[in-house]
file structure_31.pdb (PDB, C-alpha atoms)
ATOM      1  CA  MET A1471     154.819  47.598 -77.502  1.00  0.00           C
ATOM      2  CA  GLN A1472     153.382  45.668 -80.429  1.00  0.00           C
ATOM      3  CA  VAL A1473     149.976  46.834 -81.670  1.00  0.00           C
ATOM      4  CA  SER A1474     147.795  44.928 -84.133  1.00  0.00           C
ATOM      5  CA  CYS A1475     144.452  45.757 -85.737  1.00  0.00           C
ATOM      6  CA  VAL A1476     143.656  42.055 -86.147  1.00  0.00           C
ATOM      7  CA  GLY A1477     142.608  39.693 -83.367  1.00  0.00           C
ATOM      8  CA  GLY A1478     146.037  38.108 -83.000  1.00  0.00           C
ATOM      9  CA  LEU A1479     149.762  38.374 -83.545  1.00  0.00           C
ATOM     10  CA  GLU A1480     151.260  36.276 -86.345  1.00  0.00           C
ATOM     11  CA  GLY A1481     154.544  34.486 -85.728  1.00  0.00           C
ATOM     12  CA  ILE A1482     154.721  35.593 -82.092  1.00  0.00           C
ATOM     13  CA  ARG A1483     155.001  33.244 -79.135  1.00  0.00           C
ATOM     14  CA  ARG A1484     151.863  32.356 -77.228  1.00  0.00           C
ATOM     15  CA  TYR A1485     150.088  34.960 -75.137  1.00  0.00           C
ATOM     16  CA  HIS A1486     147.018  35.390 -72.953  1.00  0.00           C
ATOM     17  CA  SER A1487     144.495  38.193 -72.683  1.00  0.00           C
ATOM     18  CA  ILE A1488     144.626  40.629 -69.779  1.00  0.00           C
ATOM     19  CA  GLY A1489     141.445  42.433 -70.827  1.00  0.00           C
ATOM     20  CA  ARG A1490     139.855  45.066 -73.055  1.00  0.00           C
ATOM     21  CA  ILE A1491     141.176  48.606 -72.575  1.00  0.00           C
ATOM     22  CA  LYS A1492     140.156  52.032 -73.871  1.00  0.00           C
ATOM     23  CA  ALA A1493     141.861  55.432 -74.036  1.00  0.00           C
ATOM     24  CA  GLY A1494     141.229  58.645 -75.914  1.00  0.00           C
ATOM     25  CA  SER A1495     142.730  61.782 -77.366  1.00  0.00           C
ATOM     26  CA  CYS A1496     141.951  65.270 -76.050  1.00  0.00           C
ATOM     27  CA  TRP A1497     138.431  66.654 -76.408  1.00  0.00           C
ATOM     28  CA  ARG A1498     138.029  69.128 -79.308  1.00  0.00           C
ATOM     29  CA  GLY A1499     135.210  71.187 -80.726  1.00  0.00           C
ATOM     30  CA  ALA A1500     132.980  68.999 -82.882  1.00  0.00           C
ATOM     31  CA  ASN A1501     133.537  71.327 -85.858  1.00  0.00           C
ATOM     32  CA  ALA A1502     137.335  71.081 -85.635  1.00  0.00           C
ATOM     33  CA  PRO A1503     138.799  69.024 -88.465  1.00  0.00           C
ATOM     34  CA  ALA A1504     139.503  65.416 -87.527  1.00  0.00           C
ATOM     35  CA  ALA A1505     143.229  64.844 -87.746  1.00  0.00           C
ATOM     36  CA  GLU A1506     145.492  61.824 -87.871  1.00  0.00           C
ATOM     37  CA  THR A1507     147.198  63.318 -84.818  1.00  0.00           C
ATOM     38  CA  ASP A1508     144.067  62.525 -82.748  1.00  0.00           C
ATOM     39  CA  ARG A1509     144.318  58.853 -83.736  1.00  0.00           C
ATOM     40  CA  VAL A1510     148.028  58.805 -82.924  1.00  0.00           C
ATOM     41  CA  ALA A1511     147.353  60.459 -79.543  1.00  0.00           C
ATOM     42  CA  ALA A1512     144.641  57.878 -78.782  1.00  0.00           C
ATOM     43  CA  VAL A1513     147.011  54.985 -79.601  1.00  0.00           C
ATOM     44  CA  LYS A1514     149.770  56.482 -77.432  1.00  0.00           C
ATOM     45  CA  ALA A1515     147.300  56.819 -74.545  1.00  0.00           C
ATOM     46  CA  LEU A1516     146.180  53.221 -75.113  1.00  0.00           C
ATOM     47  CA  ILE A1517     149.794  52.006 -75.008  1.00  0.00           C
ATOM     48  CA  ARG A1518     150.325  53.833 -71.692  1.00  0.00           C
ATOM     49  CA  GLU A1519     147.185  52.167 -70.329  1.00  0.00           C
ATOM     50  CA  ALA A1520     148.380  48.729 -71.479  1.00  0.00           C
ATOM     51  CA  GLU A1521     151.796  49.294 -69.885  1.00  0.00           C
ATOM     52  CA  GLU A1522     150.110  50.044 -66.550  1.00  0.00           C
ATOM     53  CA  TYR A1523     148.623  46.528 -66.681  1.00  0.00           C
ATOM     54  CA  GLY A1524     151.978  44.975 -67.579  1.00  0.00           C
ATOM     55  CA  ALA A1525     150.901  44.102 -71.136  1.00  0.00           C
ATOM     56  CA  ASP A1526     153.387  43.169 -73.847  1.00  0.00           C
ATOM     57  CA  ALA A1527     151.095  43.928 -76.811  1.00  0.00           C
ATOM     58  CA  ILE A1528     147.662  45.153 -77.884  1.00  0.00           C
ATOM     59  CA  VAL A1529     145.508  43.217 -80.358  1.00  0.00           C
ATOM     60  CA  ASP A1530     142.151  43.946 -82.007  1.00  0.00           C
ATOM     61  CA  LEU A1531     142.824  47.711 -82.166  1.00  0.00           C
ATOM     62  CA  ASP A1532     139.776  49.744 -83.145  1.00  0.00           C
ATOM     63  CA  PHE A1533     138.798  53.423 -83.175  1.00  0.00           C
ATOM     64  CA  GLU A1534     135.577  55.272 -82.395  1.00  0.00           C
ATOM     65  CA  VAL A1535     134.517  58.888 -82.032  1.00  0.00           C
ATOM     66  CA  ASP A1536     133.022  59.911 -78.680  1.00  0.00           C
ATOM     67  CA  SER A1537     130.922  63.065 -78.527  1.00  0.00           C
ATOM     68  CA  VAL A1538     129.186  65.137 -75.836  1.00  0.00           C
ATOM     69  CA  ASN A1539     127.438  68.479 -75.441  1.00  0.00           C
ATOM     70  CA  CYS A1540     129.301  70.348 -72.704  1.00  0.00           C
ATOM     71  CA  VAL A1541     126.748  72.114 -70.494  1.00  0.00           C
ATOM     72  CA  ASP A1542     129.449  74.045 -68.597  1.00  0.00           C
ATOM     73  CA  ILE A1543     130.574  75.980 -71.678  1.00  0.00           C
ATOM     74  CA  GLY A1544     127.323  76.853 -73.394  1.00  0.00           C
ATOM     75  CA  ARG A1545     126.412  73.379 -74.691  1.00  0.00           C
ATOM     76  CA  VAL A1546     129.342  73.382 -77.105  1.00  0.00           C
ATOM     77  CA  PRO A1547     129.500  69.982 -78.815  1.00  0.00           C
ATOM     78  CA  LEU A1548     132.815  68.217 -78.237  1.00  0.00           C
ATOM     79  CA  ARG A1549     134.357  65.059 -79.668  1.00  0.00           C
ATOM     80  CA  ARG A1550     137.445  62.926 -79.285  1.00  0.00           C
ATOM     81  CA  VAL A1551     138.926  59.871 -80.925  1.00  0.00           C
ATOM     82  CA  SER A1552     139.063  56.798 -78.694  1.00  0.00           C
ATOM     83  CA  ALA A1553     141.105  53.668 -79.260  1.00  0.00           C
ATOM     84  CA  THR A1554     140.122  50.287 -77.853  1.00  0.00           C
ATOM     85  CA  GLY A1555     141.947  46.988 -77.885  1.00  0.00           C
ATOM     86  CA  VAL A1556     142.780  43.865 -75.926  1.00  0.00           C
ATOM     87  CA  ALA A1557     145.893  44.027 -73.746  1.00  0.00           C
ATOM     88  CA  VAL A1558     147.832  40.767 -73.868  1.00  0.00           C
ATOM     89  CA  LYS A1559     150.786  39.299 -71.983  1.00  0.00           C
ATOM     90  CA  PHE A1560     153.278  36.902 -73.573  1.00  0.00           C
ATOM     91  CA  ASP A1561     153.417  33.464 -71.948  1.00  0.00           C
ATOM     92  CA  GLU A1562     156.640  32.483 -70.263  1.00  0.00           C
ATOM     93  CA  ALA A1563     158.930  30.257 -72.322  1.00  0.00           C
ATOM     94  CA  ALA A1564     158.842  26.605 -71.256  1.00  0.00           C
TER      95      ALA A1564
END
call {"tool": "encode", "arguments": {"input": "structure_31.pdb", "output": "structure tokens"}}
result
Amino acid sequence: MQVSCVGGLEGIRRYHSIGRIKAGSCWRGANAPAAETDRVAAVKALIREAEEYGADAIVDLDFEVDSVNCVDIGRVPLRRVSATGVAVKFDEAA
């Protein structure tokens, strides 16, 4: 699966957009140190999501941090890294 942070793929055959997708890493305590492993986990989850739609690549990759206060466990603040992107499918060769 090809993944690009820019809005397109250079030197690759034509493709069309399937749609915007989002996936995230595991929830962690908000005070836990942010790690590169959370970003990697978010990208792996995003790739799995794209594969479910039959995508060949993901473009316009971006990251954000989601946060919540979990009422069920004493209002402990939680956060996770989410990755978003556009799933694309390569056009068939003519």
call {"tool": "closest_residue", "arguments": {"input": "structure_31.pdb", "among": "A:Asp1508, A:Asp1530, A:Glu1519, A:Asp1561", "to": "Ala1493 of chain A", "atoms": "all atoms listed in the file"}}
result
A:Glu1519
call {"tool": "residues_around", "arguments": {"input": "structure_31.pdb", "residues": "Lys1559 of chain A", "least_positions_apart": "4", "cutoff": "7 Å", "atoms": "all atoms listed in the file", "output": "list in words"}}
result
Tyr1485, His1486, Ser1487, Ile1488, Ala1525, Asp1526 and Ala1527 of chain A
call {"tool": "residues_around", "arguments": {"input": "structure_31.pdb", "residues": "Ala1512 of chain A", "least_positions_apart": "3", "cutoff": "8 Å", "atoms": "all atoms listed in the file", "output": "list in words"}}
result
Ala1493, Gly1494, Ser1495, Asp1508, Arg1509, Ala1515, Leu1516, Val1551, Ser1552 and Ala1553 of chain A
call {"tool": "resolve_selection", "arguments": {"input": "structure_31.pdb", "expression": "the PyMOL selection byres ((chain A and resi 1471) around 12)", "output": "PDB file with C-alpha atoms, in the frame of the given file"}}
result
ATOM      1  CA  GLN A1472     153.382  45.668 -80.429  1.00  0.00           C
ATOM      2  CA  VAL A1473     149.976  46.834 -81.670  1.00  0.00           C
ATOM      3  CA  SER A1474     147.795  44.928 -84.133  1.00  0.00           C
ATOM      4  CA  VAL A1513     147.011  54.985 -79.601  1.00  0.00           C
ATOM      5  CA  LYS A1514     149.770  56.482 -77.432  1.00  0.00           C
ATOM      6  CA  LEU A1516     146.180  53.221 -75.113  1.00  0.00           C
ATOM      7  CA  ILE A1517     149.794  52.006 -75.008  1.00  0.00           C
ATOM      8  CA  ARG A1518     150.325  53.833 -71.692  1.00  0.00           C
ATOM      9  CA  GLU A1519     147.185  52.167 -70.329  1.00  0.00           C
ATOM     10  CA  ALA A1520     148.380  48.729 -71.479  1.00  0.00           C
ATOM     11  CA  GLU A1521     151.796  49.294 -69.885  1.00  0.00           C
ATOM     12  CA  GLY A1524     151.978  44.975 -67.579  1.00  0.00           C
ATOM     13  CA  ALA A1525     150.901  44.102 -71.136  1.00  0.00           C
ATOM     14  CA  ASP A1526     153.387  43.169 -73.847  1.00  0.00           C
ATOM     15  CA  ALA A1527     151.095  43.928 -76.811  1.00  0.00           C
ATOM     16  CA  ILE A1528     147.662  45.153 -77.884  1.00  0.00           C
ATOM     17  CA  VAL A1529     145.508  43.217 -80.358  1.00  0.00           C
ATOM     18  CA  ALA A1557     145.893  44.027 -73.746  1.00  0.00           C
ATOM     19  CA  VAL A1558     147.832  40.767 -73.868  1.00  0.00           C
ATOM     20  CA  LYS A1559     150.786  39.299 -71.983  1.00  0.00           C
ATOM     21  CA  PHE A1560     153.278  36.902 -73.573  1.00  0.00           C
TER      22      PHE A1560
END
call {"tool": "atom_distance", "arguments": {"input": "structure_31.pdb", "atom1": "atom CA of Ile1482 of chain A", "atom2": "atom CA of Phe1533 of chain A"}}
result
23.9 Å
call {"tool": "atom_distance", "arguments": {"input": "structure_31.pdb", "atom1": "atom CA of Cys1496 of chain A", "atom2": "atom CA of Glu1522 of chain A"}}
result
19.7 Å
call {"tool": "residues_around", "arguments": {"input": "structure_31.pdb", "residues": "Pro1547 of chain A", "least_positions_apart": "4", "cutoff": "7 Å", "atoms": "all atoms listed in the file", "output": "list in words"}}
result
Gly1499, Ala1500, Val1538, Asn1539 and Cys1540 of chain A
call {"tool": "write_last_selection", "arguments": {"input": "structure_31.pdb", "atoms": "C-alpha atoms", "output": "PDB file, in the frame of the given file"}}
result
ATOM      1  CA  GLY A1499     135.210  71.187 -80.726  1.00  0.00           C
ATOM      2  CA  ALA A1500     132.980  68.999 -82.882  1.00  0.00           C
ATOM      3  CA  VAL A1538     129.186  65.137 -75.836  1.00  0.00           C
ATOM      4  CA  ASN A1539     127.438  68.479 -75.441  1.00  0.00           C
ATOM      5  CA  CYS A1540     129.301  70.348 -72.704  1.00  0.00           C
TER       6      CYS A1540
END
call {"tool": "closest_residue", "arguments": {"input": "structure_31.pdb", "among": "A:Gly1478, A:Trp1497, A:Val1535, A:Val1510", "to": "Val1556 of chain A", "atoms": "all atoms listed in the file"}}
result
A:Gly1478
call {"tool": "atom_distance", "arguments": {"input": "structure_31.pdb", "atom1": "atom CA of Arg1483 of chain A", "atom2": "atom CA of Glu1562 of chain A"}}
result
9.1 Å
call {"tool": "resolve_selection", "arguments": {"input": "structure_31.pdb", "expression": "the PyMOL selection byres ((chain A and resi 1537) around 6)", "output": "VMD selection string"}}
result
chain A and resid 1536 1538 1548 to 1549
call {"tool": "closest_residue", "arguments": {"input": "structure_31.pdb", "among": "A:Gly1489, A:Arg1484, A:Thr1507, A:Val1476", "to": "Tyr1523 of chain A", "atoms": "all atoms listed in the file"}}
result
A:Gly1489
call {"tool": "closest_residue", "arguments": {"input": "structure_31.pdb", "among": "A:Ala1511, A:Ala1505, A:Ile1491, A:Leu1531", "to": "Leu1479 of chain A", "atoms": "all atoms listed in the file"}}
result
A:Leu1531
